[in-house]
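J.: Just dropping this structure here.
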Amino acid sequence: MWYKLKRLLTYYRLGLIFNLKTTIAYPTSFWFGTVTIPLWALVQILFIETIYGQTDSFLGYTRYENYVLFGTFKLVQSLAATIFMEKLEDLTEKIRGTSENSFDVMLLKPIDTQLYATTGSFWFGTLSSAVAGMGMIVYGLLREPHTIGIGHILTYTVAVGMGVFLLYLIYLFIQTWLFWFEYLQVGQELWFDFQGFGQFSRHLYSGWTSLFFNIAIPITLMASVPMELLFGTMSWWQLGQYALILAVLFWLTRQFWLYSIKKYSSFSS
């Protein structure tokens with residue numbers, strides 16, 4: 001068990017070093033993403049200022065609480081893109097066999113195929129967006145201070161990590177359909193479109209949409225849930241419920257992956 005964990009950590013460490021060296025050697029993509037991606041935060045700021053130019057409260061949140069909300073959304077989105085997007089996006093070419101290393105090679109590696117095929121590559125061009133998100137969070141907290149303890153910060157951090165992991169599971173589920181439909185082209189677009197539902201308060205959704213976005217696929221883990229934990233308006237046991245939901249989703253996506261890779265041979269034959 002410990003040997004496998006050590007080997008996995010070594011794999012991630014080497015991947016991180018390799019991507020850092022690649023970024024230094026070929027910095028154009030990094031700088032383009034660093035400069036342009038944070039500009040989307042301006043759209044969210046404009047949205048906040050437009051809403052609160054007409055009202056003092058929106059879905060129970062003040063102007064500056066919404067800065068924390070949108071900042072958290074940017075943070076989770078950016079971390080997920082940095083850690084998972086590149087490898088999951090490249091899975092399309094691996095399965096089709098049009099990349100330098102096909103999925104055949106991945107199946108032969110002495111590491112779990114899912115981990116090797118979908119993790120271990122990092123893109124640092126989105127980190128500037130995470131910095132922009134943290135700036136929005138700090139700005140919101142400075143303009144409207146809340147009583148925040150160590151426990152609140154810890155649960156917030158855990159919830160942010162859970163949000164990042166949820167985005168991985170969603171993208172993994174979408175990309176796994178490539179084993180069934182080889183020429184599926186909309187994976188990344190669907191992933192980003194679905195993320196859009198996570199930038200709003202969980203109280204926005206009601207009825208069946210509440211069941212779906214707050215419980216079944218709790219996309220509100222991106223921003224609303226972490227923020228409420230930070231402000232102490234959500235209890236720790238509710239965070240445990242979300243952890244249980246994530247565990248179930250992980251098991252389901254894992255089973256779907258294991259079943260779907262059996263279809264791969266028909267594409268390479």
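Letters A, B, ... go to the chains of the structure tokens in the order shown; residues in each chain start at 1; ligands are counted from 1 in the same order.
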At a cut-off of 9 Å, using only C-alpha atoms, what residues contact segment 111-120 of chain A? Leave out same-chain residues fewer than 4 positions from it and give the result as a list in words.
T.: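 Here the answer would be Lys4, Arg7, Leu8, Tyr11, Tyr12, Arg13, Leu14, Gly15, Leu16, Ile83, Phe84, Met85, Glu86, Lys87, Leu88, Glu89, Asp90, Leu91, Lys94, Phe103, Met106, Leu107, Tyr168, Leu172, Arg254, Trp257 and Leu258 of chain A.
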J.: Which residues are near Gly161 of chain A? Cut-off 8 Å, only C-alpha atoms, ignore same chain within fewer than 4 positions. Put them as a list in words.
T.: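 Non-adjacent residues within range: Val76, Thr157 and Phe165 of chain A.
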J.: For the contact check between segment 52-103 of chain A and segment 187-208 of chain A, emit one row per residue of segment 52-103 of chain A within 8 Å, containing the shortest atom pair and the distance in Å rounded to one decimal, counting only C-alpha atoms, chain then rising number order, as a Markdown table.
T.:
| residue | atom | partner | partner_atom | distance |
| --- | --- | --- | --- | --- |
| A:Leu59 | CA | A:His203 | CA | 6.6 |
| A:Leu69 | CA | A:Gln199 | CA | 7.2 |
| A:Phe70 | CA | A:Gln199 | CA | 6.1 |
| A:Phe73 | CA | A:Gln199 | CA | 5.5 |
| A:Gln77 | CA | A:Gln195 | CA | 7.7 |
| A:Glu89 | CA | A:Gln188 | CA | 6.9 |
J.: Atom CA of Leu20 of chain A and atom CA of Lys74 of chain A are how many Å apart?
T.: 22.4 Å
J.: Select, from A:Leu154, A:Ile148, A:Phe179, A:Pro218, the residue with the minimum atom-to-atom distance to Phe231 of chain A, counting only C-alpha atoms.
T.: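 Answer, going by the shortest atom-to-atom distance: A:Ile148.
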J.: Quote the spacing between atom CA of Gln175 of chain A and atom CA of Thr92 of chain A in Å to one decimal place.
T.: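 Spanning atom CA of Gln175 of chain A to atom CA of Thr92 of chain A is a straight-line distance of 7.4 Å.
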J.: If I take atom CA of Ala132 of chain A and atom CA of Phe18 of chain A, how far is one from the other in Å, to one decimal?
T.: 25.7 Å
J.: Return the single residue from A:Gly140, A:Leu252, A:Met134, A:Leu5 that is closest to Leu169 of chain A, with distances computed using only C-alpha atoms.
T.: A:Leu252
J.: My list of candidates is A:Arg63, A:Lys6, A:Lys263, A:Lys21. Which is closest to Trp177 of chain A when distances are computed with only C-alpha atoms?
T.: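 Of A:Arg63, A:Lys6, A:Lys263, A:Lys21, the one nearest Trp177 of chain A, counting only C-alpha atoms, is A:Lys263.
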J.: A:Gly71, A:Gly149, A:Pro226, A:Pro38: which is nearest Thr126 of chain A, counting only C-alpha atoms?
T.: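 Checking each candidate against Thr126 of chain A, we get A:Pro38 as the closest.
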J.: So, with only C-alpha atoms as the atoms that count, which of A:Ser121, A:Leu42, A:Thr220, A:Thr34 lies closest to Ile17 of chain A?
T.: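 Using only C-alpha atoms, Ile17 of chain A sits closest to A:Ser121.
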J.: May I have all residues of segment 80-253 of chain A that DSSP, computed from the backbone, assigns to alpha helix (DSSP H), given as a ChimeraX atom specification?
T.: /A:80,86-96,103-108,113-118,127-143,150-176,187-195,208-210,224-231,236-253
J.: Just the residues within 12 Å of Ile153 of chain A, please, counting only C-alpha atoms, with nothing from its chain fewer than 3 positions along; format it as an MDAnalysis selection string.
T.: chainID A and resid 146:150 156:160 226:232 236
J.: Store the residues of this selection in a file with N, CA and C atoms, as an mmCIF file, in the first residue's frame.
T.:
data_model
loop_
_atom_site.group_PDB
_atom_site.id
_atom_site.type_symbol
_atom_site.label_atom_id
_atom_site.label_comp_id
_atom_site.auth_asym_id
_atom_site.auth_seq_id
_atom_site.Cartn_x
_atom_site.Cartn_y
_atom_site.Cartn_z
ATOM 1 N N HIS A 146 -16.304 39.443 8.397
ATOM 2 C CA HIS A 146 -17.095 38.439 9.092
ATOM 3 C C HIS A 146 -16.245 37.837 10.211
ATOM 4 N N THR A 147 -16.910 37.276 11.175
ATOM 5 C CA THR A 147 -16.199 36.560 12.229
ATOM 6 C C THR A 147 -15.838 35.170 11.711
ATOM 7 N N ILE A 148 -14.564 34.978 11.445
ATOM 8 C CA ILE A 148 -14.103 33.742 10.826
ATOM 9 C C ILE A 148 -13.029 33.117 11.712
ATOM 10 N N GLY A 149 -13.264 31.876 12.138
ATOM 11 C CA GLY A 149 -12.314 31.159 12.969
ATOM 12 C C GLY A 149 -11.497 30.168 12.171
ATOM 13 N N ILE A 150 -10.562 29.510 12.843
ATOM 14 C CA ILE A 150 -9.712 28.507 12.203
ATOM 15 C C ILE A 150 -10.560 27.370 11.639
ATOM 16 N N TYR A 156 -13.691 25.487 4.910
ATOM 17 C CA TYR A 156 -13.701 26.163 3.602
ATOM 18 C C TYR A 156 -12.670 25.523 2.674
ATOM 19 N N THR A 157 -11.468 25.307 3.188
ATOM 20 C CA THR A 157 -10.401 24.709 2.382
ATOM 21 C C THR A 157 -10.770 23.305 1.924
ATOM 22 N N VAL A 158 -11.343 22.527 2.836
ATOM 23 C CA VAL A 158 -11.768 21.174 2.482
ATOM 24 C C VAL A 158 -12.839 21.218 1.400
ATOM 25 N N ALA A 159 -13.807 22.125 1.551
ATOM 26 C CA ALA A 159 -14.893 22.239 0.575
ATOM 27 C C ALA A 159 -14.364 22.675 -0.790
ATOM 28 N N VAL A 160 -13.380 23.560 -0.813
ATOM 29 C CA VAL A 160 -12.762 23.969 -2.080
ATOM 30 C C VAL A 160 -12.107 22.760 -2.752
ATOM 31 N N PRO A 226 -18.635 26.229 -0.036
ATOM 32 C CA PRO A 226 -17.440 26.704 0.681
ATOM 33 C C PRO A 226 -17.655 28.057 1.367
ATOM 34 N N MET A 227 -18.345 28.985 0.690
ATOM 35 C CA MET A 227 -18.543 30.306 1.268
ATOM 36 C C MET A 227 -19.402 30.244 2.524
ATOM 37 N N GLU A 228 -20.460 29.438 2.495
ATOM 38 C CA GLU A 228 -21.323 29.325 3.671
ATOM 39 C C GLU A 228 -20.582 28.671 4.835
ATOM 40 N N LEU A 229 -19.679 27.755 4.537
ATOM 41 C CA LEU A 229 -18.853 27.172 5.590
ATOM 42 C C LEU A 229 -17.884 28.209 6.154
ATOM 43 N N LEU A 230 -17.365 29.058 5.296
ATOM 44 C CA LEU A 230 -16.445 30.107 5.739
ATOM 45 C C LEU A 230 -17.146 31.094 6.663
ATOM 46 N N PHE A 231 -18.398 31.410 6.365
ATOM 47 C CA PHE A 231 -19.156 32.372 7.160
ATOM 48 C C PHE A 231 -19.891 31.715 8.331
ATOM 49 N N GLY A 232 -19.815 30.401 8.426
ATOM 50 C CA GLY A 232 -20.438 29.703 9.539
ATOM 51 C C GLY A 232 -21.933 29.533 9.428
ATOM 52 N N TRP A 236 -20.830 21.555 9.976
ATOM 53 C CA TRP A 236 -19.822 20.589 9.559
ATOM 54 C C TRP A 236 -20.460 19.293 9.076
#
